[in-house]
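Just below is one structure, and these are the notes that go with it.
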Protein chains: 2
Amino acid sequence: MQTELSNTLGVEHAVFGFTPFPAVAAAITRAGGFGVLGAVRYNAPDELARDLDWMQEHTEGLPYGLDVVMPAKKVEGVTEADVEAMIPESHRQFVADLLAKYEVPQLAEGEATGWRITGWMEQVARSQLDVAFDYPIKLLASALGAPPPDVIQRAHNHDILVAALAGSPRHALHHKAAGIDIVVAQGYEAGGHTGEIATMVLTPEVVAAVDPLPVLAAGGIGTGAQIAAGLALGAQGVWLGSIWLTTEEAELHSRRLTAKLLAAGPGDTVRSRALTGKPARQLRTAWTDAWDDPSGLGPLPMPLQGLLVAEANSRIQRYETEPLLGTPVGQIVGRMNRERSVQAVFDDLIRGFERAIDRIDRIAGRSQQ
Amino acid sequence: MQTELSNTLGVEHAVFGFTPFPAVAAAITRAGGFGVLGAVRYNAPDELARDLDWMQEHTEGLPYGLDVVMPAKKVEGVTEADVEAMIPESHRQFVADLLAKYEVPQLAEGEATGWRITGWMEQVARSQLDVAFDYPIKLLASALGAPPPDVIQRAHNHDILVAALAGSPRHALHHKAAGIDIVVAQGYEAGGHTGEIATMVLTPEVVAAVDPLPVLAAGGIGTGAQIAAGLALGAQGVWLGSIWLTTEEAELHSRRLTAKLLAAGPGDTVRSRALTGKPARQLRTAWTDAWDDPSGLGPLPMPLQGLLVAEANSRIQRYETEPLLGTPVGQIVGRMNRERSVQAVFDDLIRGFERAIDRIDRIAGRSQQ
């Protein structure tokens, strides 16, 4: 599965796999895809360096990338404490009441709160980049718009391509103007932050808007047939995130969460502001229901909501509180029904792609059979 | 573009075009597609007979179908007056205030209110079918679930295939159990009534659920590349509705509405209960905004909302009140930028499909070039 972009990056198949887990990212790269490691969960630069060392040792010289969360708009001198002070007491009480209702225990003294706001702040992203540019990464992706101009320049100086996610043609045009190299068109059905336009419509819109920049189709892609569809829409590759969550290499650290993902149907996700304050698709849970209830307080804007719920999410995950337990995931969760190795998932993608091409060639009257 | 289903129906291309306009439906059929005439706008059976006579004269013996709105659940003995009586005075006042705010004139004495609830009621649908079964239609489609068992049997006695729209695999399984022949999997991005699951995810889910029944992919399809994508997802054909609205043959009777459609981007639609009480995608207008405002009264459930707003919609359409003027349409409205004949649109679809197949064959390494 070769496109101009996959040839440029030196990857066998134009399949980009985004994941927060180094073991998954490395396995995607070894399988012939392009693994992209999400850096948002790293608070300290040395944690990232340790995992990039590990990636180097386990990717056999094959290409991989890094995804950082770095808003182009800089907020000068704002600390976590400043943001904390902006959270209304009523919202803190709302969280406390919810946790009490579901009897979620407190964390033990010294237990980390895990998912923190810090990974979202520019100084943290910059310290991550200082580390990352020492490694031979081939792609730098940014989940929240294009990175600042100096970061794009630094990446280009290292021969690293820069990709940015876009949920609309307008966003994609902004990213192009900022000087990025690749747009990831992320449709409504995707896990995580996502807009209103579905992949079937968004992909060709973005391809037309940013031509001749290459576009990756993201959202709703977890089978070979969906890869074929994404490429038919004009993309130069596909970007898959959710599908890896139920692989054997994924470090979810919660059997209950894995079981929930394996059991969920395509209608069991919701696009909710409960997680970060911006709409993000995730498993629908009693937690998202409480935040999305029109008679409730509703979520705070980003970045307040993420900070408000960080400790609560750590407690829910630590104690695996069933009704509240969730994760960002796309609508393809309905087809994630077995735990398998990354290699097995990847082989299925390629076989399914070949079958889809066989079928559509027959429909178009181009088959030899 | 041939599939088992297109061969069964004797149609050249597996492209199904849904439209309320006989001139459009006939032109789709003549172009080599399968025109499906929507019957919801007919109140009197003789109006439908007149238009089916016209279809017979203008389709050169080629196949076409009819789409009726017929809920499988029967509500015995309920009249329009009974439903009228269930509408709260506060909602009538809300409509009156909105119309006054935008200075929408009254209809003249005797002017029809156009879009009525009656087309949605079972007795009306049955009187339409009494007419339709006298014509050589090849397909009977139902937009609100599977038709009642006796209707399916009658269709089969006339060698007519029965199709039903589904927004989820669960709905599709219900339709299959009811004995229908084809499922139209209608994704989130589609115009009109639609669920939460996007076409990219819904199509393969429904294909897997109802196997071996044939599935048509609907929602987000208005180019040849999108047709290729829908077929790659396992569909035996595609179902297009919105794209015909800006054809020269469409009888929208409003230059302003046509201009709005031509100018709209992919983010200018909204899935709103404003029109019928059930979520339906349509142009976003000041009208949908008023109904979707969380601080407002909100829409009534189906069928109350449709009855409540019928006269208001007639007035808005009659006087082309710019800020309120809308229509059901899908997210592909962003690519509807020129008024063209049905034949020109259809030719573009086929050419675009061939180009998409060329491209994906190259990506898959199957091109001779």
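A note on labels: chains of the structure tokens are A, B, ... as shown, every chain counts residues from 1, and ligands are counted from 1 in their shown order.
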Inset, instruction - For chain A, report every residue with an atom at most 7 Å from chain B (counting only C-alpha atoms), formatted as a PyMOL selection string. - result: chain A and resi 1-3+189+197-198+200-201+220+225-226+228-233+266-267+331-332+356+360+363-364
Inset, instruction - Excluding stretch 86-101 of chain A and residues on its chain fewer than 5 positions from it, collect all residues at most 9 Å away from it, counting only C-alpha atoms, and give them as a ChimeraX atom specification. - result: /A:81,287,290,296-300,304-305,307-309,312,315-316
Legend entry - Members of stretch 19-231 of chain B assigned alpha helix (DSSP H) by DSSP, as a ChimeraX atom specification: /B:22-31,45-58,80-85,89-101,122-132,149-157,169-178,199-210,224-231
Kindly export the residues of the current selection with C-alpha atoms, as a PDB file, in the first residue's frame.
```pdb
ATOM      1  CA  PRO B  22     -40.392  13.152 -10.647  1.00  0.00           C
ATOM      2  CA  ALA B  23     -38.270  15.004 -13.239  1.00  0.00           C
ATOM      3  CA  VAL B  24     -35.146  14.264 -11.178  1.00  0.00           C
ATOM      4  CA  ALA B  25     -36.075  10.628 -10.489  1.00  0.00           C
ATOM      5  CA  ALA B  26     -36.761   9.975 -14.180  1.00  0.00           C
ATOM      6  CA  ALA B  27     -33.508  11.667 -15.242  1.00  0.00           C
ATOM      7  CA  ILE B  28     -31.504   9.534 -12.763  1.00  0.00           C
ATOM      8  CA  THR B  29     -33.067   6.397 -14.227  1.00  0.00           C
ATOM      9  CA  ARG B  30     -32.437   7.552 -17.809  1.00  0.00           C
ATOM     10  CA  ALA B  31     -28.796   8.330 -16.935  1.00  0.00           C
ATOM     11  CA  PRO B  45     -53.584   9.502  -4.330  1.00  0.00           C
ATOM     12  CA  ASP B  46     -54.504  11.049  -7.710  1.00  0.00           C
ATOM     13  CA  GLU B  47     -51.515  13.443  -7.472  1.00  0.00           C
ATOM     14  CA  LEU B  48     -49.239  10.433  -7.072  1.00  0.00           C
ATOM     15  CA  ALA B  49     -50.967   8.615  -9.973  1.00  0.00           C
ATOM     16  CA  ARG B  50     -50.445  11.651 -12.203  1.00  0.00           C
ATOM     17  CA  ASP B  51     -46.713  11.765 -11.394  1.00  0.00           C
ATOM     18  CA  LEU B  52     -46.260   7.992 -11.777  1.00  0.00           C
ATOM     19  CA  ASP B  53     -47.957   8.245 -15.194  1.00  0.00           C
ATOM     20  CA  TRP B  54     -45.394  10.918 -16.035  1.00  0.00           C
ATOM     21  CA  MET B  55     -42.542   8.703 -14.738  1.00  0.00           C
ATOM     22  CA  GLN B  56     -43.734   5.854 -16.982  1.00  0.00           C
ATOM     23  CA  GLU B  57     -43.619   8.136 -19.998  1.00  0.00           C
ATOM     24  CA  HIS B  58     -40.141   9.461 -19.196  1.00  0.00           C
ATOM     25  CA  GLU B  80     -54.964  14.909  12.610  1.00  0.00           C
ATOM     26  CA  ALA B  81     -57.373  16.747  14.944  1.00  0.00           C
ATOM     27  CA  ASP B  82     -56.455  14.423  17.829  1.00  0.00           C
ATOM     28  CA  VAL B  83     -52.788  15.195  17.283  1.00  0.00           C
ATOM     29  CA  GLU B  84     -53.477  18.950  16.947  1.00  0.00           C
ATOM     30  CA  ALA B  85     -55.158  18.894  20.361  1.00  0.00           C
ATOM     31  CA  GLU B  89     -50.383  26.613  23.610  1.00  0.00           C
ATOM     32  CA  SER B  90     -46.881  27.734  24.696  1.00  0.00           C
ATOM     33  CA  HIS B  91     -45.375  26.038  21.633  1.00  0.00           C
ATOM     34  CA  ARG B  92     -47.925  27.640  19.299  1.00  0.00           C
ATOM     35  CA  GLN B  93     -46.983  30.993  20.801  1.00  0.00           C
ATOM     36  CA  PHE B  94     -43.261  30.209  20.320  1.00  0.00           C
ATOM     37  CA  VAL B  95     -43.897  29.637  16.600  1.00  0.00           C
ATOM     38  CA  ALA B  96     -46.048  32.777  16.309  1.00  0.00           C
ATOM     39  CA  ASP B  97     -43.369  34.875  18.057  1.00  0.00           C
ATOM     40  CA  LEU B  98     -40.620  33.545  15.782  1.00  0.00           C
ATOM     41  CA  LEU B  99     -42.636  34.274  12.645  1.00  0.00           C
ATOM     42  CA  ALA B 100     -43.460  37.754  13.957  1.00  0.00           C
ATOM     43  CA  LYS B 101     -39.814  38.442  14.824  1.00  0.00           C
ATOM     44  CA  GLU B 122     -50.519   5.147   7.730  1.00  0.00           C
ATOM     45  CA  GLN B 123     -53.876   5.562   5.982  1.00  0.00           C
ATOM     46  CA  VAL B 124     -52.303   8.035   3.549  1.00  0.00           C
ATOM     47  CA  ALA B 125     -49.336   5.751   2.896  1.00  0.00           C
ATOM     48  CA  ARG B 126     -51.746   2.859   2.263  1.00  0.00           C
ATOM     49  CA  SER B 127     -53.791   4.859  -0.224  1.00  0.00           C
ATOM     50  CA  GLN B 128     -50.499   5.760  -1.967  1.00  0.00           C
ATOM     51  CA  LEU B 129     -49.581   2.086  -2.150  1.00  0.00           C
ATOM     52  CA  ASP B 130     -52.971   1.204  -3.665  1.00  0.00           C
ATOM     53  CA  VAL B 131     -51.958   3.519  -6.491  1.00  0.00           C
ATOM     54  CA  ALA B 132     -48.289   2.499  -6.658  1.00  0.00           C
ATOM     55  CA  PRO B 149     -45.981  -7.392   7.060  1.00  0.00           C
ATOM     56  CA  ASP B 150     -48.996  -7.257   4.734  1.00  0.00           C
ATOM     57  CA  VAL B 151     -47.395  -4.439   2.730  1.00  0.00           C
ATOM     58  CA  ILE B 152     -44.139  -6.382   2.381  1.00  0.00           C
ATOM     59  CA  GLN B 153     -46.169  -9.410   1.212  1.00  0.00           C
ATOM     60  CA  ARG B 154     -48.098  -7.319  -1.299  1.00  0.00           C
ATOM     61  CA  ALA B 155     -44.849  -5.884  -2.666  1.00  0.00           C
ATOM     62  CA  HIS B 156     -43.342  -9.355  -3.006  1.00  0.00           C
ATOM     63  CA  ASN B 157     -46.492 -10.561  -4.808  1.00  0.00           C
ATOM     64  CA  PRO B 169     -27.111  -2.299  13.206  1.00  0.00           C
ATOM     65  CA  ARG B 170     -29.934  -2.946  15.698  1.00  0.00           C
ATOM     66  CA  HIS B 171     -32.503  -1.209  13.479  1.00  0.00           C
ATOM     67  CA  ALA B 172     -31.154  -3.096  10.483  1.00  0.00           C
ATOM     68  CA  LEU B 173     -31.635  -6.429  12.262  1.00  0.00           C
ATOM     69  CA  HIS B 174     -35.248  -5.499  13.082  1.00  0.00           C
ATOM     70  CA  HIS B 175     -35.853  -4.701   9.417  1.00  0.00           C
ATOM     71  CA  LYS B 176     -34.299  -7.997   8.340  1.00  0.00           C
ATOM     72  CA  ALA B 177     -36.517  -9.894  10.785  1.00  0.00           C
ATOM     73  CA  ALA B 178     -39.528  -8.094   9.284  1.00  0.00           C
ATOM     74  CA  THR B 199     -21.356   6.098   7.247  1.00  0.00           C
ATOM     75  CA  MET B 200     -17.718   4.924   7.461  1.00  0.00           C
ATOM     76  CA  VAL B 201     -18.583   2.884  10.561  1.00  0.00           C
ATOM     77  CA  LEU B 202     -22.277   2.182   9.953  1.00  0.00           C
ATOM     78  CA  THR B 203     -21.953   0.577   6.502  1.00  0.00           C
ATOM     79  CA  PRO B 204     -19.677  -2.357   7.441  1.00  0.00           C
ATOM     80  CA  GLU B 205     -21.532  -2.800  10.752  1.00  0.00           C
ATOM     81  CA  VAL B 206     -24.843  -3.169   8.910  1.00  0.00           C
ATOM     82  CA  VAL B 207     -23.327  -5.346   6.172  1.00  0.00           C
ATOM     83  CA  ALA B 208     -22.051  -7.719   8.876  1.00  0.00           C
ATOM     84  CA  ALA B 209     -25.331  -7.613  10.825  1.00  0.00           C
ATOM     85  CA  VAL B 210     -27.759  -8.432   7.986  1.00  0.00           C
ATOM     86  CA  GLY B 224     -17.486   9.352  -7.481  1.00  0.00           C
ATOM     87  CA  ALA B 225     -14.736   9.015  -4.855  1.00  0.00           C
ATOM     88  CA  GLN B 226     -17.399   8.775  -2.146  1.00  0.00           C
ATOM     89  CA  ILE B 227     -19.229   6.141  -4.215  1.00  0.00           C
ATOM     90  CA  ALA B 228     -15.994   4.138  -4.404  1.00  0.00           C
ATOM     91  CA  ALA B 229     -15.601   4.511  -0.625  1.00  0.00           C
ATOM     92  CA  GLY B 230     -19.176   3.346   0.042  1.00  0.00           C
ATOM     93  CA  LEU B 231     -18.691   0.276  -2.162  1.00  0.00           C
TER      94      LEU B 231
END
```
Inset, instruction - Please provide as a list in words all residues within 7 Å of stretch 36-39 of chain A, with the sequence filter that same-chain residues fewer than 4 positions apart are discarded (counting only C-alpha atoms). - result: Phe16, Gly17, Phe18, Thr19, Pro20, Phe21, Pro22, Ala25, Tyr64, Gly65, Leu66, Asp67 and Val68 of chain A
